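**Q** There's a structure below that I have some questions on.
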Number of protein chains: 2
Amino acid sequence: MVEYDAVIVGAGILGLSTAYHIKKKNPNAEILLIDKLGTAGQANTAKSAGAFRCLFYSRTNFTLADSSAEFYRHLQDDLGMNLKLRWAGYLWFFDEEGYRQMQPVLKDLAEKGFEYKEYDENELAEKLSIQTNFTGDEEARLMGLGNVYKGVFIPKAGFIDVDSLVRFYELEFVKLGGKIQYGTEVKNIVVEPREPLGIPSEPFFWQDSRAVGVNTNRGMIRAKKTIVAVGAWLPLLLDPLGVECYIKPKKRQIFSVKAKTDSLKKLLRIKDFSSVGCLPFTILPKPSVYLKPALEEDAFWLSYGDEFPRAFQLEENPQPEENFYRYGIYQVLVKYFPQFKDCQPFSAFAGLYAINTLDGQPIIFEENDLMIVGGASGSGIMKADAMGRIAAALYSGEEYAMLYGDREFKVSDLGIKNRHVEPEKLVI
Amino acid sequence: MVEYDAVIVGAGILGLSTAYHIKKKNPNAEILLIDKLGTAGQANTAKSAGAFRCLFYSRTNFTLADSSAEFYRHLQDDLGMNLKLRWAGYLWFFDEEGYRQMQPVLKDLAEKGFEYKEYDENELAEKLSIQTNFTGDEEARLMGLGNVYKGVFIPKAGFIDVDSLVRFYELEFVKLGGKIQYGTEVKNIVVEPREPLGIPSEPFFWQDSRAVGVNTNRGMIRAKKTIVAVGAWLPLLLDPLGVECYIKPKKRQIFSVKAKTDSLKKLLRIKDFSSVGCLPFTILPKPSVYLKPALEEDAFWLSYGDEFPRAFQLEENPQPEENFYRYGIYQVLVKYFPQFKDCQPFSAFAGLYAINTLDGQPIIFEENDLMIVGGASGSGIMKADAMGRIAAALYSGEEYAMLYGDREFKVSDLGIKNRHVEPEKLVI
């Protein structure tokens, strides 16, 4: 039986980036990428909002996102790949209390040279035709809606076409000689002793064991290294081996609303914030409903990342919930943006975040020839390139990964044992 | 509908201790304890090895275990309850490397006044008739067996009759006026908004929500506080609410071997270690197979806590595996103790550890009127009393719990947000 140098499970954005960077560093290695679906990036990668930002408080998040975005910029600007990168920015609304809490964070970031711009209530009301103050509004009180006191605009942020990014990594991996096998579903990861004795029900606990590949619907695939990048599905493959990855699946939903009226068309293509000439990715005050302009669709994507009591639940085909829009997002949205009155979504979709419940930052580690790459907690697209490079450095046994732009990153910082990540203070 | 002050789910040792201590602190509170089984302590509590030790390296583990053991001693010696406490001690075998690594830990503990006694290879060989050196033994090399270089005996450790402890807490809780309802299986924890609006599919994300009780096979039970102490089953009730408790279930197996021969009878009732006149709880060198004397059965309980690739898996009725004994435990055991040659288990059982994958220490926290008590990772019996007191302090909103023996314990130390536990260096 063929033994690959590495089999990578999952052709989502993280599996693709990992496969590409490993193959690039190891041109002679036999690398096989497999996915249960018929082509790349069709599972939860396809459900991404396709937004990215480079402004984070934690060094880890910043480094991963900024170096990845710079690489995507390089691909588009220097190499001429059209990833539909749009630097439309992020616009964050804060109520007075939220702004007060954010002040030391922003001050700190400003001192480090990060660029952002503040807008006050009146500017925002005028530019965006929004409602900023809910004093005396009983509904707003019941809903816990914050007034809009300030807006913080982050220019180094925007949108990317996820599918184009997927195609880039897939194509380049194949060009380098990487192999891909779609329609290949992993049933389980296979563990064998390093020194097999041929006794039934090996391995025994006194044997030193390792992952030797995967059982699939198309037979067993052997590999020196088994790399799992299946996002929200990680616990399903790792629990049977007793390997903890601290990842839980959580449904996220996006509702698409057409910019039908003049006021919505104007809002969608507002010129005031960036040269892109569209609304930035906009985050309302707590509860933080967000809007993303979807220019191709002439629409807004609306979403909210709900916590308690939203389930950790693995689903093959998660569905958006009508009432989540009707009684949830819509009710909040229309308070701030009366332009959306009576707007119904013309389409909607749902996907699963692979939430790292330790700290919300990615997890990359190896044990017993089994490598895990995941837990980006909804930031997989914006951190994919860096994560692939870190995974490739781990594959090669290197202490440091070199991220795009010659930035060193300590591989073990994203591991479990010597994990070192700072808490993020700019959470959406 | 009746609203209890608290409903406690799970009448295992932790639920019982929690119920008792809450009721004791709050005599007028209406506390209901429920369990799916027909009586108390019948699930994984019943699968415990019933061993305890007070010597731990981490302050947390030591305080929880030592104060619990002192309380159990008080029950038996001062109050005349027969818990069949036997201070038979723990005997730990180390190979030279293991002993070298343990030296600074032991030195540290000795300086803190902890009592223990060291035995060298020859003493152990003579007292126990064991094989201590496997030089040139190819099988032993393959199995990675360490030589016995030293033994460390811990006197403040031993055995307790779990069933008697269960009956104590159950009886005292009922005496105080606590209610128990068996045969009551929880389907789900019920969450409602604090300010209900009567709209279908409440709660919405903009509502402040809380746990208000549980749905069971016997109808809904409402309570101001919902307390979940279902051990390995915690994720099953918490995942649907998106509450992470960092607990995973793992099967543990115990095999019972009769002391049929004279040499085994002699080993079982060896007089050399404690006034109990039996073998201490004995842990072999890595891989750490252990033996517990089961005097009532005239037998030894044999077990091993296997890690990779033992699954995290929830099972209603986990089964012991014949080959786990035959090719696992037996092969290791008989190398050290030739007395066990050809011994087959006459009975065996398996249960689930509720492993806290963060640090192996208990987890007690509350959010949204939902309290979680669990994650003792196999030390539930030996820490039950302290955990119940800490849970009761949390219930009462106190910053510190007073453990038995007037020892203060900061409640949030076992929580998630401000968790503060030291790593344990004396792991079996």
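How things are named: the first chain in the structure tokens is A, the next is B, and so on; residues count from 1 in each chain; ligands count from 1 in the order shown.
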Select from chain A every residue with an atom at most 9 Å from any atom of chain B, then for each give the shortest pair of atoms and their distance in Å to one decimal, using only C-alpha atoms, rows by chain and rising number, as a tab-separated table.
**A**
```
residue	atom	partner	partner_atom	distance
A:Leu142	CA	B:Gln207	CA	7.5
A:Met143	CA	B:Trp206	CA	5.2
A:Gly144	CA	B:Trp206	CA	6.5
A:Leu145	CA	B:Trp206	CA	8.0
A:Val191	CA	B:Pro309	CA	7.4
A:Glu195	CA	B:Leu142	CA	8.0
A:Ile199	CA	B:Tyr327	CA	8.7
A:Pro200	CA	B:Asn323	CA	8.7
A:Ser201	CA	B:Asn323	CA	7.3
A:Glu202	CA	B:Tyr327	CA	8.8
A:Pro203	CA	B:Pro309	CA	8.6
A:Phe204	CA	B:Gly328	CA	5.9
A:Phe205	CA	B:Asp306	CA	6.1
A:Trp206	CA	B:Met143	CA	5.2
A:Gln207	CA	B:Met143	CA	6.0
A:Asp208	CA	B:Gly144	CA	8.4
A:Ser209	CA	B:Phe308	CA	7.9
A:Arg210	CA	B:Pro309	CA	8.7
A:Leu238	CA	B:Ala311	CA	8.3
A:Asp239	CA	B:Phe312	CA	4.9
A:Pro240	CA	B:Ala311	CA	4.1
A:Leu241	CA	B:Pro309	CA	4.2
A:Gly242	CA	B:Ala311	CA	4.2
A:Val243	CA	B:Phe308	CA	7.0
A:Glu244	CA	B:Thr357	CA	7.0
A:Tyr246	CA	B:Tyr246	CA	7.6
A:Lys248	CA	B:Glu244	CA	8.6
A:Lys250	CA	B:Gly242	CA	7.8
A:Lys286	CA	B:Trp206	CA	8.7
A:Pro287	CA	B:Trp206	CA	6.2
A:Tyr304	CA	B:Phe205	CA	8.8
A:Asp306	CA	B:Phe205	CA	6.1
A:Glu307	CA	B:Gly242	CA	6.9
A:Phe308	CA	B:Gly242	CA	5.8
A:Pro309	CA	B:Leu241	CA	4.2
A:Arg310	CA	B:Gly242	CA	5.3
A:Ala311	CA	B:Pro240	CA	4.2
A:Phe312	CA	B:Gly242	CA	4.8
A:Gln313	CA	B:Pro240	CA	7.0
A:Asn323	CA	B:Ser201	CA	7.3
A:Phe324	CA	B:Phe204	CA	7.4
A:Tyr327	CA	B:Phe204	CA	7.0
A:Gly328	CA	B:Phe204	CA	5.8
A:Ile329	CA	B:Phe205	CA	8.7
A:Val332	CA	B:Trp206	CA	8.1
A:Thr357	CA	B:Glu244	CA	7.1
A:Leu358	CA	B:Leu358	CA	8.8
A:Asn368	CA	B:Phe308	CA	8.7
```
**Q** Using only C-alpha atoms for the distances, tell me which of A:Ala29, A:Ala386, A:Leu426, A:Ala88 is nearest to Lys410 in chain A.
**A**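 The answer is A:Ala386, which sits nearest to Lys410 in chain A.
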**Q** Could you pull out all residues of range 3-208 of chain B with a DSSP call of alpha helix (DSSP H) and give them as a PyMOL selection string?
**A** chain B and resi 13-25+59-73+96-111+121-128+138-142+162-175
**Q** Next, dump the selected residues to file, keeping only C-alpha atoms, as a PDB file, in the first residue's frame.
**A**
```
ATOM      1  CA  ILE B  13     -21.664  11.514  45.154  1.00  0.00           C
ATOM      2  CA  LEU B  14     -21.204  15.112  43.981  1.00  0.00           C
ATOM      3  CA  GLY B  15     -24.902  15.861  43.619  1.00  0.00           C
ATOM      4  CA  LEU B  16     -25.521  14.357  47.057  1.00  0.00           C
ATOM      5  CA  SER B  17     -22.785  16.292  48.776  1.00  0.00           C
ATOM      6  CA  THR B  18     -23.902  19.487  47.029  1.00  0.00           C
ATOM      7  CA  ALA B  19     -27.546  18.930  48.005  1.00  0.00           C
ATOM      8  CA  TYR B  20     -26.626  18.199  51.615  1.00  0.00           C
ATOM      9  CA  HIS B  21     -24.360  21.204  52.053  1.00  0.00           C
ATOM     10  CA  ILE B  22     -26.767  23.622  50.361  1.00  0.00           C
ATOM     11  CA  LYS B  23     -29.642  22.392  52.489  1.00  0.00           C
ATOM     12  CA  LYS B  24     -27.511  22.537  55.634  1.00  0.00           C
ATOM     13  CA  LYS B  25     -26.592  26.183  54.965  1.00  0.00           C
ATOM     14  CA  ARG B  59      -2.611  23.081  46.815  1.00  0.00           C
ATOM     15  CA  THR B  60      -6.047  22.707  45.242  1.00  0.00           C
ATOM     16  CA  ASN B  61      -5.986  18.922  45.071  1.00  0.00           C
ATOM     17  CA  PHE B  62      -4.481  18.629  48.527  1.00  0.00           C
ATOM     18  CA  THR B  63      -7.006  20.949  50.169  1.00  0.00           C
ATOM     19  CA  LEU B  64     -10.005  19.311  48.497  1.00  0.00           C
ATOM     20  CA  ALA B  65      -8.891  15.763  49.240  1.00  0.00           C
ATOM     21  CA  ASP B  66      -7.423  16.287  52.697  1.00  0.00           C
ATOM     22  CA  SER B  67     -10.379  18.238  54.062  1.00  0.00           C
ATOM     23  CA  SER B  68     -12.790  15.670  52.606  1.00  0.00           C
ATOM     24  CA  ALA B  69     -10.847  12.761  54.103  1.00  0.00           C
ATOM     25  CA  GLU B  70     -10.731  14.508  57.480  1.00  0.00           C
ATOM     26  CA  PHE B  71     -14.483  14.947  57.308  1.00  0.00           C
ATOM     27  CA  TYR B  72     -14.949  11.274  56.491  1.00  0.00           C
ATOM     28  CA  ARG B  73     -12.657  10.410  59.419  1.00  0.00           C
ATOM     29  CA  GLU B  96      15.247   5.393  38.382  1.00  0.00           C
ATOM     30  CA  GLU B  97      14.244   8.080  35.894  1.00  0.00           C
ATOM     31  CA  GLY B  98      10.781   8.475  37.397  1.00  0.00           C
ATOM     32  CA  TYR B  99      12.247   8.703  40.873  1.00  0.00           C
ATOM     33  CA  ARG B 100      14.787  11.301  39.747  1.00  0.00           C
ATOM     34  CA  GLN B 101      11.958  13.409  38.297  1.00  0.00           C
ATOM     35  CA  MET B 102       9.922  13.002  41.457  1.00  0.00           C
ATOM     36  CA  GLN B 103      12.786  13.932  43.811  1.00  0.00           C
ATOM     37  CA  PRO B 104      12.296  17.725  43.836  1.00  0.00           C
ATOM     38  CA  VAL B 105       8.552  17.200  44.262  1.00  0.00           C
ATOM     39  CA  LEU B 106       9.075  14.842  47.200  1.00  0.00           C
ATOM     40  CA  LYS B 107      11.706  17.114  48.746  1.00  0.00           C
ATOM     41  CA  ASP B 108       9.277  19.994  48.468  1.00  0.00           C
ATOM     42  CA  LEU B 109       6.501  17.980  50.080  1.00  0.00           C
ATOM     43  CA  ALA B 110       8.797  16.793  52.881  1.00  0.00           C
ATOM     44  CA  GLU B 111       9.717  20.396  53.633  1.00  0.00           C
ATOM     45  CA  GLU B 121      14.402  -2.047  45.405  1.00  0.00           C
ATOM     46  CA  ASN B 122      15.661  -4.826  47.683  1.00  0.00           C
ATOM     47  CA  GLU B 123      13.241  -4.111  50.495  1.00  0.00           C
ATOM     48  CA  LEU B 124      10.343  -4.145  48.058  1.00  0.00           C
ATOM     49  CA  ALA B 125      11.526  -7.338  46.371  1.00  0.00           C
ATOM     50  CA  GLU B 126      11.787  -9.050  49.722  1.00  0.00           C
ATOM     51  CA  LYS B 127       8.533  -7.797  51.262  1.00  0.00           C
ATOM     52  CA  LEU B 128       6.358  -8.209  48.194  1.00  0.00           C
ATOM     53  CA  GLU B 138      12.937  -8.407  25.533  1.00  0.00           C
ATOM     54  CA  GLU B 139       9.231  -8.562  26.357  1.00  0.00           C
ATOM     55  CA  ALA B 140       9.633  -6.011  29.124  1.00  0.00           C
ATOM     56  CA  ARG B 141      11.542  -3.731  26.744  1.00  0.00           C
ATOM     57  CA  LEU B 142       8.795  -4.005  24.134  1.00  0.00           C
ATOM     58  CA  VAL B 162     -18.569   4.458  48.598  1.00  0.00           C
ATOM     59  CA  ASP B 163     -22.039   3.118  49.230  1.00  0.00           C
ATOM     60  CA  SER B 164     -21.882   4.029  52.914  1.00  0.00           C
ATOM     61  CA  LEU B 165     -20.787   7.562  52.038  1.00  0.00           C
ATOM     62  CA  VAL B 166     -23.623   7.847  49.522  1.00  0.00           C
ATOM     63  CA  ARG B 167     -26.136   6.715  52.189  1.00  0.00           C
ATOM     64  CA  PHE B 168     -24.764   9.241  54.667  1.00  0.00           C
ATOM     65  CA  TYR B 169     -25.329  12.244  52.401  1.00  0.00           C
ATOM     66  CA  GLU B 170     -28.686  10.959  51.160  1.00  0.00           C
ATOM     67  CA  LEU B 171     -29.997  10.319  54.656  1.00  0.00           C
ATOM     68  CA  GLU B 172     -28.762  13.583  56.124  1.00  0.00           C
ATOM     69  CA  PHE B 173     -30.159  15.586  53.225  1.00  0.00           C
ATOM     70  CA  VAL B 174     -33.553  14.002  53.734  1.00  0.00           C
ATOM     71  CA  LYS B 175     -33.366  14.489  57.502  1.00  0.00           C
TER      72      LYS B 175
END
```
**Q** Need the shell around Glu3 in chain A: protein/DNA/RNA residues with any atom at most 7 Å away, counting only C-alpha atoms. Skip same-chain ones fewer than 6 positions apart. Format as a ChimeraX atom specification?
**A** /A:222-224
**Q** Within 6 Å of Phe255 in chain A, counting only C-alpha atoms, which residues qualify if same-chain residues fewer than 2 places away don't, as a ChimeraX atom specification?
**A** /A:301-302,345,348
**Q** State, in Å with one decimal place, the distance from CA of Cys278 in chain A to CA of Ser48 in chain A.
**A**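 Separating CA of Cys278 in chain A from CA of Ser48 in chain A is a distance of 19.5 Å.
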**Q** Between A:Ala393, A:Leu91, A:Ile180, A:Ala350, which one has atoms that come closest to Phe273 in chain A, using only C-alpha atoms?
**A**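 Result for the nearest residue to Phe273 in chain A: A:Leu91.
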**Q** Write out as an MDAnalysis selection string all residues of range 16-190 of chain B that DSSP puts in strand (DSSP E or B) for this structure's backbone.
**A** chainID B and resid 31:34 51:53 86 90:94 117:120 150:154 157:159 179:181 186:190
**Q** Convert the current residue selection to file output with N, CA and C atoms, as a short mmCIF file (atom, residue, chain, number, x, y, z; two decimals), in the first residue's frame.
**A**
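Saved to out.cif:
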```cif
data_model
loop_
_atom_site.label_atom_id
_atom_site.label_comp_id
_atom_site.auth_asym_id
_atom_site.auth_seq_id
_atom_site.Cartn_x
_atom_site.Cartn_y
_atom_site.Cartn_z
N ILE B 31 -35.21 22.40 48.40
CA ILE B 31 -34.20 21.81 47.52
C ILE B 31 -34.69 20.44 47.05
N LEU B 32 -34.68 20.26 45.73
CA LEU B 32 -35.08 18.98 45.17
C LEU B 32 -33.89 18.33 44.46
N LEU B 33 -33.62 17.10 44.83
CA LEU B 33 -32.55 16.33 44.17
C LEU B 33 -33.21 15.27 43.30
N ILE B 34 -32.83 15.20 42.05
CA ILE B 34 -33.44 14.20 41.16
C ILE B 34 -32.37 13.32 40.51
N ALA B 51 -10.93 4.52 46.45
CA ALA B 51 -9.63 4.82 47.07
C ALA B 51 -9.50 6.34 47.24
N PHE B 52 -8.71 6.74 48.21
CA PHE B 52 -8.45 8.17 48.39
C PHE B 52 -7.03 8.36 48.88
N ARG B 53 -6.53 9.55 48.63
CA ARG B 53 -5.22 9.92 49.17
C ARG B 53 -5.24 11.39 49.51
N ARG B 86 -10.34 2.78 55.65
CA ARG B 86 -9.15 1.98 55.96
C ARG B 86 -7.92 2.76 55.51
N TYR B 90 -0.93 4.40 50.17
CA TYR B 90 -0.63 4.23 48.75
C TYR B 90 0.85 3.87 48.65
N LEU B 91 1.14 2.95 47.78
CA LEU B 91 2.54 2.59 47.54
C LEU B 91 2.85 2.76 46.06
N TRP B 92 3.79 3.64 45.81
CA TRP B 92 4.10 4.06 44.46
C TRP B 92 5.45 3.52 44.04
N PHE B 93 5.50 2.80 42.95
CA PHE B 93 6.79 2.31 42.46
C PHE B 93 7.34 3.28 41.42
N PHE B 94 8.63 3.54 41.50
CA PHE B 94 9.27 4.40 40.50
C PHE B 94 10.48 3.70 39.91
N LYS B 117 7.21 7.56 53.23
CA LYS B 117 8.36 6.69 53.54
C LYS B 117 8.88 6.08 52.25
N GLU B 118 10.20 6.00 52.13
CA GLU B 118 10.78 5.42 50.92
C GLU B 118 11.26 3.99 51.19
N TYR B 119 11.06 3.15 50.19
CA TYR B 119 11.60 1.80 50.23
C TYR B 119 12.52 1.62 49.03
N ASP B 120 13.59 0.89 49.22
CA ASP B 120 14.43 0.66 48.03
C ASP B 120 14.09 -0.68 47.38
N LYS B 150 12.64 2.51 43.38
CA LYS B 150 12.22 2.94 44.72
C LYS B 150 10.71 2.76 44.85
N GLY B 151 10.26 2.67 46.09
CA GLY B 151 8.84 2.73 46.38
C GLY B 151 8.60 3.86 47.36
N VAL B 152 7.56 4.62 47.13
CA VAL B 152 7.22 5.70 48.06
C VAL B 152 5.87 5.36 48.68
N PHE B 153 5.86 5.24 50.01
CA PHE B 153 4.64 4.88 50.72
C PHE B 153 4.03 6.12 51.37
N ILE B 154 2.75 6.36 51.08
CA ILE B 154 2.01 7.50 51.63
C ILE B 154 1.02 6.95 52.65
N ALA B 157 -3.79 7.85 53.28
CA ALA B 157 -4.49 7.43 52.08
C ALA B 157 -5.13 6.10 52.39
N GLY B 158 -6.05 5.69 51.57
CA GLY B 158 -6.66 4.40 51.82
C GLY B 158 -7.95 4.19 51.07
N PHE B 159 -8.88 3.53 51.73
CA PHE B 159 -10.11 3.11 51.06
C PHE B 159 -11.33 3.54 51.85
N LYS B 179 -35.79 17.17 49.52
CA LYS B 179 -36.64 16.23 48.79
C LYS B 179 -35.83 15.51 47.72
N ILE B 180 -36.15 14.25 47.51
CA ILE B 180 -35.49 13.48 46.46
C ILE B 180 -36.54 12.82 45.60
N GLN B 181 -36.31 12.85 44.32
CA GLN B 181 -37.24 12.21 43.39
C GLN B 181 -36.41 11.34 42.43
N VAL B 186 -33.74 13.81 33.16
CA VAL B 186 -33.78 15.14 32.54
C VAL B 186 -33.62 15.01 31.04
N LYS B 187 -34.55 15.62 30.32
CA LYS B 187 -34.44 15.66 28.86
C LYS B 187 -33.61 16.87 28.44
N ASN B 188 -33.90 18.00 29.06
CA ASN B 188 -33.13 19.21 28.76
C ASN B 188 -33.31 20.25 29.87
N ILE B 189 -32.37 21.15 29.91
CA ILE B 189 -32.46 22.29 30.82
C ILE B 189 -33.29 23.36 30.11
N VAL B 190 -34.21 23.98 30.84
CA VAL B 190 -35.10 24.96 30.24
C VAL B 190 -34.56 26.38 30.46
#
```
**Q** Nearest residue to Leu264 in chain B out of B:Ala11, B:Ile130, B:Leu234, B:Ala392, using only C-alpha atoms?
**A**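 Nearest candidate to Leu264 in chain B out of B:Ala11, B:Ile130, B:Leu234, B:Ala392: B:Ile130.
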**Q** Which of these residues is nearest to Pro27 in chain B, using only C-alpha atoms: B:Leu176, B:Val373, B:Ala40, B:Leu79?
**A**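 Checking each candidate against Pro27 in chain B, we get B:Leu176 as the closest.
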**Q** Could you list, as a VMD selection string, every residue within 7 Å of Tyr353 in chain A, counting only C-alpha atoms and ignoring same-chain residues fewer than 4 positions away?
**A** chain A and resid 232 249 to 252 377 to 378
